[in-house]
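Here the structure is laid out as structure tokens; the discussion comes afterwards.
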Amino acid sequence: MSRVRSTDAVLLLVAAVWGSSYLAAKTATSTLPVLLVLFVRYGIAAVACVALVAARRRTGRCTRDELRLGAVLGVTQAAVLVLETYGVAHTSAANAGLLISLTVVLTPLLDRTAGTAGLPARYFAATGLCLLAVGLLVSGSGFHSPRSGDLLILAAALVRAAHVALVGRLTARRSVRPLHLTAVQTVVGTVLFAVPAANALPALGRVDASGWAQLLYLALFCSVFAFLAQTWAVQRGSASRASLLLGTEPVWAVAVGIGMGGEHLTVLTALGAVLMVAGTYWGQAVERAHRTVVRAEEPRRDTVPATA
């Protein structure tokens with residue numbers, strides 16, 4: 001498997017895991033406070049990441065760059081999750097899936113690294129097709145005026161786009177190891193949610209085996225694996241490309257809803273899934289071709305003599 005395809009496959013797997021996280025998070029927050037769910041999620045993830053770092057002694061301790069960047073990205077990632085989790089708890093999964101998909105459009109607008117030309121109009125046409133697909137995917141649940149949860153998911157989409165772009169910008173041309181960076185992020189998140197969740201800790205005594213399974217899934221798969229894989233993939237590709245592939249998240253959310261939530265696949269949701277895949281790969285091809293052209297032109301610009 002080529003470098004590009006392997007990176008894309010990992011990003012699609014992350015999208016699938018995050019798509020399934022809506023059901024797990026909504027179920028968990030129906031019995032536990034949102035901040036407690038986030039604290040446990042981050043705490044378990046932090047223990048797992050620190051254990052992995054300790055087990056790999058040959059890689060050494062975290063570098064200054066990893067500590068500094070991990071602290072910044074830990075705050076932005078925590079902001080995404082707190083907005084998203086509160087949003088999912090106070091709105092429908094349909095509206096959440098639609099609004100969070102705005103990340104696909106917002107990321108390219110924020111992913112303007114120095115010396116990089118803007119993406120062509122065809123890319124935004126592809127992301128528009130993805131948005132249309134999401135609209136079809138959620139149309140079966142109906143639409144209504146924005147609620148507080150809808151506004152929180154909208155804010156989460158904006159912060160997530162900024163986070164993805166920031167990962168690409170801060171890790172570019174730096175020797176940053178995804179595992180160490182993720183470990184710092186999860187520790188930062190644990191610290192941030194520790195005090196707000198302290199009063200609700202006794203509620204954990206009432207959590208049954210199913211509830212702990214959901215919390216472990218959110219921590220180990222939706223956090224540790226997903227954070228690691230996202231950072232690794234963005235370092236190998238680009239933030240815009242990663243965002244487009246992660247934009248297939250609603251498709252996976254529908255699949256999980258059908259397979260585990262008892263939902264039914266309608267003609268509109270099936271059409272939306274097809275359009276999402278088509279839009280994703282169209283935009284993927286446009287972005288890849290654009291990056292190739294920009295990279296080919298950079299050496300020429302460097303050789304042009306400066307004018308007086």
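As shown in the structure tokens, the chain order sets the letters A, B, ...; within each chain, residues go from 1, and ligands are also counted from 1 in the order they appear.
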
Excluding Ala197 in chain A and residues on its chain fewer than 6 positions from it, collect all residues at most 8 Å away from it, counting only C-alpha atoms, and give them as a PDB file with C-alpha atoms, in the first residue's frame.
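So the final result, stored in part.pdb, reads:
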```pdb
ATOM      1  CA  LEU A  35     -17.591  17.166  32.596  1.00  0.00           C
ATOM      2  CA  LEU A  36     -17.246  13.893  34.496  1.00  0.00           C
ATOM      3  CA  PHE A  39     -12.512  13.841  32.888  1.00  0.00           C
TER       4      PHE A  39
END
```

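Excluding range 169-177 of chain A and any residue on its chain fewer than 2 positions from it, the residues at most 9 Å away by only C-alpha atoms are Cys62, Thr63, Asp65, Glu66, Leu69, Asp111, Arg112, Thr113, Val164, Ala165, Leu166, Val167, Leu179, His180, Leu181, Thr182, Thr231, Trp232, Val234, Gln235 and Ala239 of chain A.
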
Include C-alpha atoms and write out the residues we just selected as a PDB file, in the first residue's frame.
```pdb
ATOM      1  CA  CYS A  62       9.278  14.413  25.755  1.00  0.00           C
ATOM      2  CA  THR A  63      11.254  17.155  24.085  1.00  0.00           C
ATOM      3  CA  ASP A  65       8.815  21.154  21.423  1.00  0.00           C
ATOM      4  CA  GLU A  66       6.555  18.227  22.312  1.00  0.00           C
ATOM      5  CA  LEU A  69       3.064  22.097  21.328  1.00  0.00           C
ATOM      6  CA  ASP A 111      -5.015  26.182   6.688  1.00  0.00           C
ATOM      7  CA  ARG A 112      -3.127  29.038   5.056  1.00  0.00           C
ATOM      8  CA  THR A 113       0.495  28.289   5.870  1.00  0.00           C
ATOM      9  CA  VAL A 164      -6.641  20.519  12.709  1.00  0.00           C
ATOM     10  CA  ALA A 165      -5.013  23.476  10.947  1.00  0.00           C
ATOM     11  CA  LEU A 166      -2.932  24.182  14.057  1.00  0.00           C
ATOM     12  CA  VAL A 167      -1.685  20.590  14.206  1.00  0.00           C
ATOM     13  CA  LEU A 179       2.753   9.402  20.794  1.00  0.00           C
ATOM     14  CA  HIS A 180       4.590  11.897  22.987  1.00  0.00           C
ATOM     15  CA  LEU A 181       2.507  14.789  21.654  1.00  0.00           C
ATOM     16  CA  THR A 182      -0.717  12.879  22.338  1.00  0.00           C
ATOM     17  CA  THR A 231      -1.448  13.781  14.265  1.00  0.00           C
ATOM     18  CA  TRP A 232       0.479  11.067  12.391  1.00  0.00           C
ATOM     19  CA  VAL A 234      -1.577  15.289   9.217  1.00  0.00           C
ATOM     20  CA  GLN A 235       2.224  15.165   9.501  1.00  0.00           C
ATOM     21  CA  ALA A 239      -4.590  19.531   7.286  1.00  0.00           C
TER      22      ALA A 239
END
```

Exercise. In range 133-291 of chain A, what's alpha helix (DSSP H) per DSSP? Answer as a PyMOL selection string?
Worked result: chain A and resi 133-138+148-171+178-197+209-219+226-236+239-246+249-260+267-291

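Contact shell of Leu129 in chain A at 12 Å (only C-alpha atoms; same-chain neighbours under 4 positions omitted): Ser101, Leu102, Val104, Val105, Arg122, Tyr123, Phe124, Ala125, Ala133, Val134, Gly135, Leu136, Leu244, Gly247, Thr248, Leu271, Gly272, Ala273, Val274, Leu275, Met276, Val277, Ala278, Gly279, Thr280, Tyr281, Trp282 and Gly283 of chain A.
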
Expected file: the selected residues, C-alpha atoms, as a compact mmCIF listing (two decimals), in the first residue's frame:
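The new file again14.txt reads:
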```
# COMPACT_ATOMS: atom_id res chain seq x y z
CA SER A 101 -19.37 18.74 9.08
CA LEU A 102 -18.76 22.47 8.61
CA VAL A 104 -14.62 20.37 6.20
CA VAL A 105 -15.25 23.85 4.78
CA ARG A 122 -13.12 23.03 -7.31
CA TYR A 123 -12.02 22.04 -3.82
CA PHE A 124 -14.76 24.12 -2.25
CA ALA A 125 -17.24 22.69 -4.74
CA ALA A 133 -24.50 14.85 1.40
CA VAL A 134 -24.63 15.50 5.15
CA GLY A 135 -27.92 17.35 4.67
CA LEU A 136 -29.35 14.27 2.98
CA LEU A 244 -11.92 16.21 4.01
CA GLY A 247 -15.60 14.70 6.93
CA THR A 248 -16.88 11.18 6.19
CA LEU A 271 -27.93 8.93 -1.54
CA GLY A 272 -26.18 11.12 1.03
CA ALA A 273 -23.65 8.38 1.76
CA VAL A 274 -22.86 8.02 -1.96
CA LEU A 275 -22.49 11.78 -2.41
CA MET A 276 -20.26 12.01 0.67
CA VAL A 277 -17.85 9.40 -0.68
CA ALA A 278 -17.88 11.02 -4.13
CA GLY A 279 -17.29 14.50 -2.72
CA THR A 280 -14.52 13.26 -0.45
CA TYR A 281 -12.54 11.61 -3.21
CA TRP A 282 -13.14 14.43 -5.66
CA GLY A 283 -11.85 17.00 -3.20
```

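The interatomic distance for the pair CA of Leu73 in chain A and CA of Ile44 in chain A works out to 18.3 Å.
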
Exercise. Any idea what's packed within 6 Å of Ala156 in chain A, counting only C-alpha atoms, ignoring anything in its chain fewer than 3 positions away? Could you give it as a ChimeraX atom specification?
Worked result: /A:80,83-84,153,159-160

Okay, now the selection with N, CA, C and O atoms, as a PDB file, in the first residue's frame?
```pdb
ATOM      1  N   VAL A  80     -12.595  21.514  21.813  1.00  0.00           N
ATOM      2  CA  VAL A  80     -13.431  20.824  20.829  1.00  0.00           C
ATOM      3  C   VAL A  80     -14.348  19.824  21.523  1.00  0.00           C
ATOM      4  O   VAL A  80     -15.565  19.793  21.288  1.00  0.00           O
ATOM      5  N   LEU A  83     -17.181  21.363  23.852  1.00  0.00           N
ATOM      6  CA  LEU A  83     -18.262  21.943  23.055  1.00  0.00           C
ATOM      7  C   LEU A  83     -19.073  20.854  22.357  1.00  0.00           C
ATOM      8  O   LEU A  83     -20.310  20.883  22.339  1.00  0.00           O
ATOM      9  N   GLU A  84     -18.365  19.884  21.805  1.00  0.00           N
ATOM     10  CA  GLU A  84     -19.026  18.805  21.071  1.00  0.00           C
ATOM     11  C   GLU A  84     -19.863  17.923  21.994  1.00  0.00           C
ATOM     12  O   GLU A  84     -20.996  17.553  21.656  1.00  0.00           O
ATOM     13  N   ILE A 153     -22.433  22.866  18.843  1.00  0.00           N
ATOM     14  CA  ILE A 153     -21.815  22.037  17.807  1.00  0.00           C
ATOM     15  C   ILE A 153     -21.201  22.919  16.723  1.00  0.00           C
ATOM     16  O   ILE A 153     -20.121  22.622  16.194  1.00  0.00           O
ATOM     17  N   VAL A 159     -13.817  25.388  16.180  1.00  0.00           N
ATOM     18  CA  VAL A 159     -12.628  25.112  16.988  1.00  0.00           C
ATOM     19  C   VAL A 159     -11.905  23.871  16.468  1.00  0.00           C
ATOM     20  O   VAL A 159     -10.679  23.821  16.457  1.00  0.00           O
ATOM     21  N   ARG A 160     -12.655  22.869  16.015  1.00  0.00           N
ATOM     22  CA  ARG A 160     -12.017  21.673  15.475  1.00  0.00           C
ATOM     23  C   ARG A 160     -11.228  22.006  14.208  1.00  0.00           C
ATOM     24  O   ARG A 160     -10.129  21.505  14.003  1.00  0.00           O
TER      25      ARG A 160
END
```
